[in-house]
$ cat model-v5.cif   # mmCIF, N, CA and C atoms and all ligand atoms
data_entry
loop_
_atom_site.label_atom_id
_atom_site.label_comp_id
_atom_site.auth_asym_id
_atom_site.auth_seq_id
_atom_site.Cartn_x
_atom_site.Cartn_y
_atom_site.Cartn_z
N MET A 1 126.95 7.37 163.35
CA MET A 1 126.29 8.57 163.89
C MET A 1 125.09 8.98 163.05
N ASN A 2 125.15 8.68 161.76
CA ASN A 2 124.08 9.10 160.87
C ASN A 2 123.79 8.01 159.86
N ILE A 3 122.55 7.96 159.44
CA ILE A 3 122.20 7.03 158.37
C ILE A 3 121.36 7.80 157.35
N ALA A 4 121.66 7.62 156.09
CA ALA A 4 120.90 8.33 155.05
C ALA A 4 120.90 7.49 153.77
N THR A 5 119.81 7.58 153.07
CA THR A 5 119.67 6.92 151.77
C THR A 5 119.49 8.01 150.71
N HIS A 6 120.14 7.84 149.58
CA HIS A 6 119.99 8.80 148.48
C HIS A 6 118.49 8.97 148.18
N PRO A 7 118.05 10.22 147.99
CA PRO A 7 116.62 10.46 147.78
C PRO A 7 116.01 9.64 146.65
N LEU A 8 116.81 9.32 145.63
CA LEU A 8 116.24 8.55 144.51
C LEU A 8 116.05 7.07 144.85
N HIS A 9 116.59 6.65 146.00
CA HIS A 9 116.53 5.22 146.33
C HIS A 9 115.85 4.95 147.67
N ARG A 10 115.04 5.89 148.10
CA ARG A 10 114.34 5.67 149.37
C ARG A 10 113.16 4.71 149.20
N ARG A 11 112.74 4.16 150.32
CA ARG A 11 111.62 3.20 150.40
C ARG A 11 111.90 1.94 149.59
N LYS A 12 113.18 1.57 149.55
CA LYS A 12 113.55 0.30 148.89
C LYS A 12 114.19 -0.65 149.90
N GLY A 13 114.15 -0.29 151.17
CA GLY A 13 114.72 -1.16 152.19
C GLY A 13 116.21 -0.95 152.44
N VAL A 14 116.80 0.10 151.85
CA VAL A 14 118.25 0.30 151.98
C VAL A 14 118.63 0.60 153.43
N ALA A 15 117.95 1.57 154.04
CA ALA A 15 118.31 1.96 155.42
C ALA A 15 118.09 0.81 156.39
N LYS A 16 117.02 0.09 156.19
CA LYS A 16 116.72 -1.04 157.09
C LYS A 16 117.83 -2.08 156.99
N ARG A 17 118.29 -2.36 155.79
CA ARG A 17 119.36 -3.35 155.61
C ARG A 17 120.67 -2.85 156.23
N LEU A 18 120.97 -1.55 156.03
CA LEU A 18 122.19 -0.99 156.62
C LEU A 18 122.15 -1.11 158.15
N LEU A 19 121.02 -0.75 158.71
CA LEU A 19 120.89 -0.77 160.17
C LEU A 19 120.94 -2.21 160.70
N CYS A 20 120.28 -3.13 160.01
CA CYS A 20 120.34 -4.55 160.41
C CYS A 20 121.78 -5.04 160.39
N HIS A 21 122.50 -4.66 159.35
CA HIS A 21 123.90 -5.07 159.21
C HIS A 21 124.71 -4.54 160.40
N ALA A 22 124.55 -3.26 160.72
CA ALA A 22 125.30 -2.65 161.82
C ALA A 22 124.93 -3.30 163.15
N LEU A 23 123.64 -3.56 163.35
CA LEU A 23 123.19 -4.16 164.61
C LEU A 23 123.71 -5.58 164.74
N HIS A 24 123.74 -6.29 163.62
CA HIS A 24 124.25 -7.66 163.62
C HIS A 24 125.70 -7.67 164.11
N HIS A 25 126.51 -6.75 163.58
CA HIS A 25 127.91 -6.66 164.01
C HIS A 25 128.01 -6.26 165.48
N ALA A 26 127.14 -5.35 165.89
CA ALA A 26 127.18 -4.89 167.28
C ALA A 26 126.87 -6.06 168.23
N VAL A 27 125.89 -6.86 167.86
CA VAL A 27 125.54 -8.03 168.70
C VAL A 27 126.74 -8.97 168.79
N GLY A 28 127.43 -9.15 167.66
CA GLY A 28 128.62 -9.99 167.64
C GLY A 28 129.71 -9.48 168.56
N MET A 29 129.69 -8.19 168.84
CA MET A 29 130.69 -7.59 169.73
C MET A 29 130.18 -7.53 171.17
N GLY A 30 129.02 -8.10 171.42
CA GLY A 30 128.51 -8.16 172.78
C GLY A 30 127.55 -7.06 173.18
N VAL A 31 127.17 -6.23 172.21
CA VAL A 31 126.23 -5.15 172.53
C VAL A 31 124.86 -5.75 172.88
N GLN A 32 124.23 -5.21 173.90
CA GLN A 32 122.93 -5.73 174.34
C GLN A 32 121.78 -4.78 174.02
N LYS A 33 122.12 -3.51 173.94
CA LYS A 33 121.05 -2.53 173.73
C LYS A 33 121.53 -1.42 172.78
N ALA A 34 120.70 -1.07 171.82
CA ALA A 34 121.02 0.03 170.91
C ALA A 34 120.16 1.22 171.29
N VAL A 35 120.79 2.39 171.37
CA VAL A 35 120.07 3.61 171.74
C VAL A 35 120.40 4.69 170.72
N LEU A 36 119.39 5.45 170.33
CA LEU A 36 119.62 6.51 169.33
C LEU A 36 118.76 7.73 169.65
N GLU A 37 119.16 8.85 169.07
CA GLU A 37 118.34 10.07 169.16
C GLU A 37 117.83 10.40 167.77
N VAL A 38 116.62 10.93 167.72
CA VAL A 38 116.05 11.33 166.42
C VAL A 38 115.13 12.53 166.65
N ARG A 39 115.08 13.38 165.61
CA ARG A 39 114.16 14.52 165.71
C ARG A 39 112.72 14.00 165.58
N PRO A 40 111.84 14.39 166.48
CA PRO A 40 110.45 13.92 166.37
C PRO A 40 109.79 14.38 165.08
N SER A 41 110.31 15.47 164.48
CA SER A 41 109.74 15.96 163.21
C SER A 41 110.20 15.11 162.02
N ASN A 42 111.18 14.25 162.24
CA ASN A 42 111.71 13.41 161.15
C ASN A 42 110.88 12.13 161.07
N LEU A 43 109.71 12.26 160.49
CA LEU A 43 108.76 11.15 160.50
C LEU A 43 109.29 9.90 159.78
N PRO A 44 109.98 10.05 158.61
CA PRO A 44 110.52 8.85 157.98
C PRO A 44 111.49 8.10 158.88
N ALA A 45 112.36 8.85 159.59
CA ALA A 45 113.35 8.19 160.46
C ALA A 45 112.66 7.52 161.66
N VAL A 46 111.71 8.22 162.26
CA VAL A 46 110.99 7.63 163.40
C VAL A 46 110.26 6.37 162.93
N ALA A 47 109.68 6.42 161.73
CA ALA A 47 108.97 5.24 161.19
C ALA A 47 109.95 4.10 160.93
N LEU A 48 111.14 4.45 160.41
CA LEU A 48 112.14 3.41 160.17
C LEU A 48 112.51 2.70 161.47
N TYR A 49 112.85 3.49 162.49
CA TYR A 49 113.30 2.88 163.74
C TYR A 49 112.15 2.09 164.40
N SER A 50 110.95 2.65 164.35
CA SER A 50 109.80 1.94 164.93
C SER A 50 109.57 0.61 164.21
N SER A 51 109.74 0.63 162.89
CA SER A 51 109.50 -0.60 162.11
C SER A 51 110.51 -1.68 162.48
N MET A 52 111.66 -1.26 163.07
CA MET A 52 112.67 -2.24 163.47
C MET A 52 112.56 -2.63 164.93
N GLY A 53 111.56 -2.09 165.60
CA GLY A 53 111.32 -2.49 166.99
C GLY A 53 111.82 -1.51 168.03
N PHE A 54 112.47 -0.42 167.59
CA PHE A 54 112.91 0.58 168.57
C PHE A 54 111.67 1.20 169.23
N LYS A 55 111.79 1.43 170.56
CA LYS A 55 110.71 2.05 171.33
C LYS A 55 111.19 3.39 171.88
N ILE A 56 110.28 4.34 171.98
CA ILE A 56 110.62 5.63 172.58
C ILE A 56 110.79 5.44 174.09
N VAL A 57 111.96 5.86 174.60
CA VAL A 57 112.24 5.67 176.03
C VAL A 57 112.53 7.00 176.73
N GLY A 58 112.57 8.08 175.96
CA GLY A 58 112.83 9.36 176.63
C GLY A 58 112.94 10.49 175.64
N ARG A 59 113.31 11.63 176.17
CA ARG A 59 113.39 12.85 175.37
C ARG A 59 114.54 13.69 175.90
N ARG A 60 115.36 14.25 175.01
CA ARG A 60 116.40 15.18 175.44
C ARG A 60 115.97 16.58 175.02
N LEU A 61 115.76 17.43 176.03
CA LEU A 61 115.21 18.76 175.77
C LEU A 61 116.21 19.63 175.02
N ARG A 62 115.70 20.32 173.98
CA ARG A 62 116.51 21.26 173.17
C ARG A 62 117.85 20.65 172.77
N TYR A 63 117.80 19.45 172.29
CA TYR A 63 119.02 18.68 171.99
C TYR A 63 119.72 19.19 170.73
N TYR A 64 118.94 19.58 169.72
CA TYR A 64 119.53 19.99 168.44
C TYR A 64 119.80 21.48 168.46
N GLN A 65 121.10 21.82 168.32
CA GLN A 65 121.49 23.22 168.48
C GLN A 65 121.00 24.09 167.33
N ASP A 66 120.83 23.51 166.12
CA ASP A 66 120.44 24.34 164.98
C ASP A 66 119.01 24.86 165.10
N THR A 67 118.10 24.05 165.62
CA THR A 67 116.70 24.46 165.69
C THR A 67 116.17 24.54 167.12
N GLY A 68 116.94 24.01 168.08
CA GLY A 68 116.45 23.97 169.45
C GLY A 68 115.43 22.89 169.70
N GLU A 69 115.27 22.02 168.70
CA GLU A 69 114.27 20.95 168.81
C GLU A 69 114.71 19.90 169.83
N ASP A 70 113.74 19.32 170.52
CA ASP A 70 114.02 18.19 171.40
C ASP A 70 114.44 16.99 170.56
N ALA A 71 115.14 16.05 171.20
CA ALA A 71 115.39 14.75 170.57
C ALA A 71 114.54 13.71 171.27
N VAL A 72 114.02 12.79 170.47
CA VAL A 72 113.37 11.62 171.03
C VAL A 72 114.45 10.54 171.16
N VAL A 73 114.48 9.88 172.31
CA VAL A 73 115.45 8.79 172.52
C VAL A 73 114.70 7.47 172.29
N MET A 74 115.29 6.63 171.43
CA MET A 74 114.67 5.33 171.14
C MET A 74 115.68 4.23 171.46
N SER A 75 115.16 3.10 171.90
CA SER A 75 116.03 2.02 172.35
C SER A 75 115.51 0.67 171.84
N LEU A 76 116.45 -0.23 171.58
CA LEU A 76 116.11 -1.59 171.13
C LEU A 76 117.00 -2.59 171.86
N ASP A 77 116.37 -3.56 172.48
CA ASP A 77 117.11 -4.67 173.09
C ASP A 77 117.51 -5.62 171.97
N VAL A 78 118.80 -5.74 171.71
CA VAL A 78 119.24 -6.55 170.56
C VAL A 78 119.75 -7.92 170.97
N ARG A 79 119.67 -8.24 172.27
CA ARG A 79 120.15 -9.56 172.71
C ARG A 79 119.41 -10.67 171.99
N GLY A 80 120.17 -11.58 171.43
CA GLY A 80 119.56 -12.74 170.77
C GLY A 80 118.96 -12.43 169.42
N LYS A 81 119.14 -11.19 168.92
CA LYS A 81 118.58 -10.85 167.61
C LYS A 81 119.70 -10.76 166.60
N THR A 82 120.17 -11.89 166.14
CA THR A 82 121.25 -11.86 165.15
C THR A 82 120.76 -12.30 163.78
C1 LIG B 101 115.18 7.93 157.16
C2 LIG B 101 115.84 7.33 155.91
C3 LIG B 101 117.31 6.96 156.25
C4 LIG B 101 115.06 6.04 155.52
O1 LIG B 101 115.77 5.42 154.44
P1 LIG B 101 115.07 4.39 153.42
O2 LIG B 101 116.17 3.64 152.74
O3 LIG B 101 114.11 5.11 152.56
O4 LIG B 101 114.24 3.44 154.43
P2 LIG B 101 113.73 1.95 154.14
O5 LIG B 101 113.33 1.83 152.71
O6 LIG B 101 114.77 0.97 154.64
O7 LIG B 101 112.43 1.92 155.05
C5 LIG B 101 112.18 0.88 155.99
C6 LIG B 101 110.87 1.17 156.69
O8 LIG B 101 110.95 2.42 157.39
C7 LIG B 101 109.68 3.12 157.32
N1 LIG B 101 109.82 4.33 156.48
C8 LIG B 101 110.94 4.75 155.84
N2 LIG B 101 110.71 5.92 155.21
C9 LIG B 101 109.42 6.23 155.47
C10 LIG B 101 108.58 7.32 155.08
N3 LIG B 101 109.04 8.33 154.30
N4 LIG B 101 107.31 7.35 155.53
C11 LIG B 101 106.83 6.36 156.32
N5 LIG B 101 107.56 5.28 156.70
C12 LIG B 101 108.84 5.23 156.28
C13 LIG B 101 108.74 2.13 156.64
O9 LIG B 101 108.18 1.30 157.65
C14 LIG B 101 109.70 1.34 155.77
O10 LIG B 101 109.19 0.08 155.40
P3 LIG B 101 108.20 -0.04 154.11
O11 LIG B 101 108.82 0.76 152.99
O12 LIG B 101 108.14 -1.52 153.86
O13 LIG B 101 106.89 0.57 154.54
C15 LIG B 101 115.77 8.30 154.70
O14 LIG B 101 114.48 8.85 154.60
C16 LIG B 101 116.81 9.42 154.73
O15 LIG B 101 117.94 9.26 154.24
N6 LIG B 101 116.43 10.57 155.33
C17 LIG B 101 117.35 11.71 155.44
C18 LIG B 101 118.45 11.43 156.44
C19 LIG B 101 117.88 11.17 157.82
O16 LIG B 101 116.94 11.84 158.26
N7 LIG B 101 118.48 10.18 158.51
C20 LIG B 101 118.06 9.81 159.86
C21 LIG B 101 118.71 10.69 160.87
S1 LIG B 101 118.25 10.24 162.53
#

$ encode --input "model-v5.cif" --output "structure tokens" --more "lines below"
Ligand SMILES: CC(C)(COP(=O)(O)OP(=O)(O)OC[C@H]1O[C@@H](n2cnc3c(N)ncnc32)[C@H](O)[C@@H]1OP(=O)(O)O)[C@@H](O)C(=O)NCCC(=O)NCCS
Amino acid sequence: MNIATHPLHRRKGVAKRLLCHALHHAVGMGVQKAVLEVRPSNLPAVALYSSMGFKIVGRRLRYYQDTGEDAVVMSLDVRGKT
């Protein structure tokens, strides 16, 4: 549900490796598409997902209850990407 890297260890490829690992297992279980929500204001997270090939496919209005912020929906076709 969430991915986070300790602030002292960011920009070292940790999150990318974690996500690749999870996606690799998902593909092994037959998953074809990965979908996630992210706050558009979370530029590091949006950059992380974009760098892995996720594309913006939609928006969920007022998705986050704490701030009322919309969520951006991003999707990645993982078929054949092991
Ligand atoms: C988003 C987060 C998980 C990224 O973790 P990380 O371990 O620093 O990310 P990585 O080092 O694997 O980054 C991989 C790529 O993502 C992009 N990226 C990551 N952080 C970025 C930043 N602050 N600014 C711009 N691009 C960034 C870059 O393309 C980066 O590759 P590069 O360093 O070769 O340029 C981290 O900032 C974090 O824990 N944030 C707080 C929790 C959070 O918001 N989680 C996401 C919830 S949806």

$ closest_atom_pairs --input "model-v5.cif" --of "chain A" --to "ligand LIG 101 (chain B)" --cutoff "10 Å" --atoms "only C-alpha atoms and all ligand atoms" --output "tab-separated table"
residue	atom	partner	partner_atom	distance
A:Met1	CA	B:LIG101	S1	8.3
A:Asn2	CA	B:LIG101	C21	5.6
A:Ile3	CA	B:LIG101	N7	4.9
A:Ala4	CA	B:LIG101	O15	3.2
A:Thr5	CA	B:LIG101	O15	3.8
A:His6	CA	B:LIG101	O15	6.1
A:Pro7	CA	B:LIG101	O15	6.7
A:Leu8	CA	B:LIG101	O3	9.0
A:His9	CA	B:LIG101	O2	6.6
A:Arg10	CA	B:LIG101	O3	3.2
A:Arg11	CA	B:LIG101	O5	3.2
A:Lys12	CA	B:LIG101	O5	4.1
A:Gly13	CA	B:LIG101	O6	3.2
A:Val14	CA	B:LIG101	O2	4.0
A:Ala15	CA	B:LIG101	O6	3.8
A:Lys16	CA	B:LIG101	O6	3.7
A:Arg17	CA	B:LIG101	O6	6.4
A:Leu18	CA	B:LIG101	O6	7.9
A:Leu19	CA	B:LIG101	O6	8.4
A:Cys20	CA	B:LIG101	O6	9.7
A:Leu36	CA	B:LIG101	S1	7.9
A:Glu37	CA	B:LIG101	S1	6.6
A:Val38	CA	B:LIG101	S1	4.6
A:Arg39	CA	B:LIG101	S1	6.7
A:Pro40	CA	B:LIG101	S1	9.4
A:Ser41	CA	B:LIG101	O16	9.7
A:Asn42	CA	B:LIG101	O16	6.2
A:Leu43	CA	B:LIG101	N4	6.4
A:Pro44	CA	B:LIG101	C9	3.8
A:Ala45	CA	B:LIG101	C1	3.8
A:Val46	CA	B:LIG101	C1	7.5
A:Ala47	CA	B:LIG101	C7	4.5
A:Leu48	CA	B:LIG101	O8	3.2
A:Tyr49	CA	B:LIG101	O8	6.8
A:Ser50	CA	B:LIG101	O9	7.5
A:Ser51	CA	B:LIG101	O9	5.0
A:Met52	CA	B:LIG101	C6	7.8
A:Ala71	CA	B:LIG101	S1	9.7
A:Val72	CA	B:LIG101	S1	9.9

$ atom_distance --input "model-v5.cif" --atom1 "CA of Asp70 (chain A)" --atom2 "atom N of Ala34 (chain A)"
20.4 Å

$ atom_distance --input "model-v5.cif" --atom1 "CA of Gly53 (chain A)" --atom2 "CA of Asp77 (chain A)"
8.7 Å

$ residues_around --input "model-v5.cif" --residues "Val57 (chain A)" --least-positions-apart "2" --cutoff "9 Å" --atoms "only C-alpha atoms" --output "MDAnalysis selection string"
chainID A and resid 55 59 72:75

$ closest_residue --input "model-v5.cif" --among "A:Gly30, A:Val35, A:Gln65, A:Phe54" --to "Arg79 (chain A)" --atoms "only C-alpha atoms"
A:Gly30

$ atom_distance --input "model-v5.cif" --atom1 "CA of Val78 (chain A)" --atom2 "CA of Val27 (chain A)"
6.7 Å

$ select_by_dssp --input "model-v5.cif" --residues "chain A" --states "alpha helix (DSSP H)" --output "PyMOL selection string"
chain A and resi 14-28+43-51

$ write_last_selection --input "model-v5.cif" --atoms "N, CA and C atoms" --output "PDB file, keeping the file's coordinate frame"
ATOM      1  N   VAL A  14     116.800   0.100 151.850  1.00  0.00           N
ATOM      2  CA  VAL A  14     118.250   0.300 151.980  1.00  0.00           C
ATOM      3  C   VAL A  14     118.630   0.600 153.430  1.00  0.00           C
ATOM      4  N   ALA A  15     117.950   1.570 154.040  1.00  0.00           N
ATOM      5  CA  ALA A  15     118.310   1.960 155.420  1.00  0.00           C
ATOM      6  C   ALA A  15     118.090   0.810 156.390  1.00  0.00           C
ATOM      7  N   LYS A  16     117.020   0.090 156.190  1.00  0.00           N
ATOM      8  CA  LYS A  16     116.720  -1.040 157.090  1.00  0.00           C
ATOM      9  C   LYS A  16     117.830  -2.080 156.990  1.00  0.00           C
ATOM     10  N   ARG A  17     118.290  -2.360 155.790  1.00  0.00           N
ATOM     11  CA  ARG A  17     119.360  -3.350 155.610  1.00  0.00           C
ATOM     12  C   ARG A  17     120.670  -2.850 156.230  1.00  0.00           C
ATOM     13  N   LEU A  18     120.970  -1.550 156.030  1.00  0.00           N
ATOM     14  CA  LEU A  18     122.190  -0.990 156.620  1.00  0.00           C
ATOM     15  C   LEU A  18     122.150  -1.110 158.150  1.00  0.00           C
ATOM     16  N   LEU A  19     121.020  -0.750 158.710  1.00  0.00           N
ATOM     17  CA  LEU A  19     120.890  -0.770 160.170  1.00  0.00           C
ATOM     18  C   LEU A  19     120.940  -2.210 160.700  1.00  0.00           C
ATOM     19  N   CYS A  20     120.280  -3.130 160.010  1.00  0.00           N
ATOM     20  CA  CYS A  20     120.340  -4.550 160.410  1.00  0.00           C
ATOM     21  C   CYS A  20     121.780  -5.040 160.390  1.00  0.00           C
ATOM     22  N   HIS A  21     122.500  -4.660 159.350  1.00  0.00           N
ATOM     23  CA  HIS A  21     123.900  -5.070 159.210  1.00  0.00           C
ATOM     24  C   HIS A  21     124.710  -4.540 160.400  1.00  0.00           C
ATOM     25  N   ALA A  22     124.550  -3.260 160.720  1.00  0.00           N
ATOM     26  CA  ALA A  22     125.300  -2.650 161.820  1.00  0.00           C
ATOM     27  C   ALA A  22     124.930  -3.300 163.150  1.00  0.00           C
ATOM     28  N   LEU A  23     123.640  -3.560 163.350  1.00  0.00           N
ATOM     29  CA  LEU A  23     123.190  -4.160 164.610  1.00  0.00           C
ATOM     30  C   LEU A  23     123.710  -5.580 164.740  1.00  0.00           C
ATOM     31  N   HIS A  24     123.740  -6.290 163.620  1.00  0.00           N
ATOM     32  CA  HIS A  24     124.250  -7.660 163.620  1.00  0.00           C
ATOM     33  C   HIS A  24     125.700  -7.670 164.110  1.00  0.00           C
ATOM     34  N   HIS A  25     126.510  -6.750 163.580  1.00  0.00           N
ATOM     35  CA  HIS A  25     127.910  -6.660 164.010  1.00  0.00           C
ATOM     36  C   HIS A  25     128.010  -6.260 165.480  1.00  0.00           C
ATOM     37  N   ALA A  26     127.140  -5.350 165.890  1.00  0.00           N
ATOM     38  CA  ALA A  26     127.180  -4.890 167.280  1.00  0.00           C
ATOM     39  C   ALA A  26     126.870  -6.060 168.230  1.00  0.00           C
ATOM     40  N   VAL A  27     125.890  -6.860 167.860  1.00  0.00           N
ATOM     41  CA  VAL A  27     125.540  -8.030 168.700  1.00  0.00           C
ATOM     42  C   VAL A  27     126.740  -8.970 168.790  1.00  0.00           C
ATOM     43  N   GLY A  28     127.430  -9.150 167.660  1.00  0.00           N
ATOM     44  CA  GLY A  28     128.620  -9.990 167.640  1.00  0.00           C
ATOM     45  C   GLY A  28     129.710  -9.480 168.560  1.00  0.00           C
ATOM     46  N   LEU A  43     109.710  12.260 160.490  1.00  0.00           N
ATOM     47  CA  LEU A  43     108.760  11.150 160.500  1.00  0.00           C
ATOM     48  C   LEU A  43     109.290   9.900 159.780  1.00  0.00           C
ATOM     49  N   PRO A  44     109.980  10.050 158.610  1.00  0.00           N
ATOM     50  CA  PRO A  44     110.520   8.850 157.980  1.00  0.00           C
ATOM     51  C   PRO A  44     111.490   8.100 158.880  1.00  0.00           C
ATOM     52  N   ALA A  45     112.360   8.850 159.590  1.00  0.00           N
ATOM     53  CA  ALA A  45     113.350   8.190 160.460  1.00  0.00           C
ATOM     54  C   ALA A  45     112.660   7.520 161.660  1.00  0.00           C
ATOM     55  N   VAL A  46     111.710   8.220 162.260  1.00  0.00           N
ATOM     56  CA  VAL A  46     110.990   7.630 163.400  1.00  0.00           C
ATOM     57  C   VAL A  46     110.260   6.370 162.930  1.00  0.00           C
ATOM     58  N   ALA A  47     109.680   6.420 161.730  1.00  0.00           N
ATOM     59  CA  ALA A  47     108.970   5.240 161.190  1.00  0.00           C
ATOM     60  C   ALA A  47     109.950   4.100 160.930  1.00  0.00           C
ATOM     61  N   LEU A  48     111.140   4.450 160.410  1.00  0.00           N
ATOM     62  CA  LEU A  48     112.140   3.410 160.170  1.00  0.00           C
ATOM     63  C   LEU A  48     112.510   2.700 161.470  1.00  0.00           C
ATOM     64  N   TYR A  49     112.850   3.490 162.490  1.00  0.00           N
ATOM     65  CA  TYR A  49     113.300   2.880 163.740  1.00  0.00           C
ATOM     66  C   TYR A  49     112.150   2.090 164.400  1.00  0.00           C
ATOM     67  N   SER A  50     110.950   2.650 164.350  1.00  0.00           N
ATOM     68  CA  SER A  50     109.800   1.940 164.930  1.00  0.00           C
ATOM     69  C   SER A  50     109.570   0.610 164.210  1.00  0.00           C
ATOM     70  N   SER A  51     109.740   0.630 162.890  1.00  0.00           N
ATOM     71  CA  SER A  51     109.500  -0.600 162.110  1.00  0.00           C
ATOM     72  C   SER A  51     110.510  -1.680 162.480  1.00  0.00           C
TER      73      SER A  51
END

$ select_by_dssp --input "model-v5.cif" --residues "region 5-82 of chain A" --states "strand (DSSP E)" --output "tab-separated table (two decimals) with N, CA and C atoms, in the frame of the given file"
chain	number	residue	atom	x	y	z
A	33	LYS	N	122.12	-3.51	173.94
A	33	LYS	CA	121.05	-2.53	173.73
A	33	LYS	C	121.53	-1.42	172.78
A	34	ALA	N	120.70	-1.07	171.82
A	34	ALA	CA	121.02	0.03	170.91
A	34	ALA	C	120.16	1.22	171.29
A	35	VAL	N	120.79	2.39	171.37
A	35	VAL	CA	120.07	3.61	171.74
A	35	VAL	C	120.40	4.69	170.72
A	36	LEU	N	119.39	5.45	170.33
A	36	LEU	CA	119.62	6.51	169.33
A	36	LEU	C	118.76	7.73	169.65
A	37	GLU	N	119.16	8.85	169.07
A	37	GLU	CA	118.34	10.07	169.16
A	37	GLU	C	117.83	10.40	167.77
A	38	VAL	N	116.62	10.93	167.72
A	38	VAL	CA	116.05	11.33	166.42
A	38	VAL	C	115.13	12.53	166.65
A	55	LYS	N	111.79	1.43	170.56
A	55	LYS	CA	110.71	2.05	171.33
A	55	LYS	C	111.19	3.39	171.88
A	56	ILE	N	110.28	4.34	171.98
A	56	ILE	CA	110.62	5.63	172.58
A	56	ILE	C	110.79	5.44	174.09
A	57	VAL	N	111.96	5.86	174.60
A	57	VAL	CA	112.24	5.67	176.03
A	57	VAL	C	112.53	7.00	176.73
A	58	GLY	N	112.57	8.08	175.96
A	58	GLY	CA	112.83	9.36	176.63
A	58	GLY	C	112.94	10.49	175.64
A	59	ARG	N	113.31	11.63	176.17
A	59	ARG	CA	113.39	12.85	175.37
A	59	ARG	C	114.54	13.69	175.90
A	60	ARG	N	115.36	14.25	175.01
A	60	ARG	CA	116.40	15.18	175.44
A	60	ARG	C	115.97	16.58	175.02
A	71	ALA	N	115.14	16.05	171.20
A	71	ALA	CA	115.39	14.75	170.57
A	71	ALA	C	114.54	13.71	171.27
A	72	VAL	N	114.02	12.79	170.47
A	72	VAL	CA	113.37	11.62	171.03
A	72	VAL	C	114.45	10.54	171.16
A	73	VAL	N	114.48	9.88	172.31
A	73	VAL	CA	115.45	8.79	172.52
A	73	VAL	C	114.70	7.47	172.29
A	74	MET	N	115.29	6.63	171.43
A	74	MET	CA	114.67	5.33	171.14
A	74	MET	C	115.68	4.23	171.46
A	75	SER	N	115.16	3.10	171.90
A	75	SER	CA	116.03	2.02	172.35
A	75	SER	C	115.51	0.67	171.84
A	76	LEU	N	116.45	-0.23	171.58
A	76	LEU	CA	116.11	-1.59	171.13
A	76	LEU	C	117.00	-2.59	171.86
A	77	ASP	N	116.37	-3.56	172.48
A	77	ASP	CA	117.11	-4.67	173.09
A	77	ASP	C	117.51	-5.62	171.97

$ closest_residue --input "model-v5.cif" --among "A:Gly80, A:Tyr64, A:Glu69, A:Gly58" --to "Gln32 (chain A)" --atoms "all atoms listed in the file"
A:Gly80

$ decode --input "model-v5.cif" --residues "region 10-36 of chain A" --atoms "C-alpha atoms" --output "CSV table (one decimal), in the first residue's frame"
chain,number,residue,atom,x,y,z
A,10,ARG,CA,16.9,8.6,-0.6
A,11,ARG,CA,18.1,8.9,-4.2
A,12,LYS,CA,20.2,5.8,-3.9
A,13,GLY,CA,17.8,3.6,-5.9
A,14,VAL,CA,16.2,1.9,-2.8
A,15,ALA,CA,12.6,2.6,-3.8
A,16,LYS,CA,13.2,1.6,-7.4
A,17,ARG,CA,14.7,-1.7,-6.3
A,18,LEU,CA,11.8,-2.4,-3.9
A,19,LEU,CA,9.2,-1.7,-6.5
A,20,CYS,CA,11.0,-3.8,-9.2
A,21,HIS,CA,11.2,-6.6,-6.7
A,22,ALA,CA,7.4,-6.4,-5.9
A,23,LEU,CA,6.5,-6.1,-9.6
A,24,HIS,CA,8.7,-9.1,-10.4
A,25,HIS,CA,6.8,-11.2,-7.9
A,26,ALA,CA,3.5,-9.9,-9.2
A,27,VAL,CA,4.4,-10.9,-12.7
A,28,GLY,CA,5.2,-14.3,-11.5
A,29,MET,CA,1.7,-14.5,-10.0
A,30,GLY,CA,0.2,-13.6,-13.4
A,31,VAL,CA,-0.4,-9.9,-12.8
A,32,GLN,CA,-0.6,-8.0,-16.1
A,33,LYS,CA,-1.1,-4.5,-15.1
A,34,ALA,CA,0.0,-2.4,-12.0
A,35,VAL,CA,-2.1,0.5,-11.0
A,36,LEU,CA,-1.4,3.0,-8.2
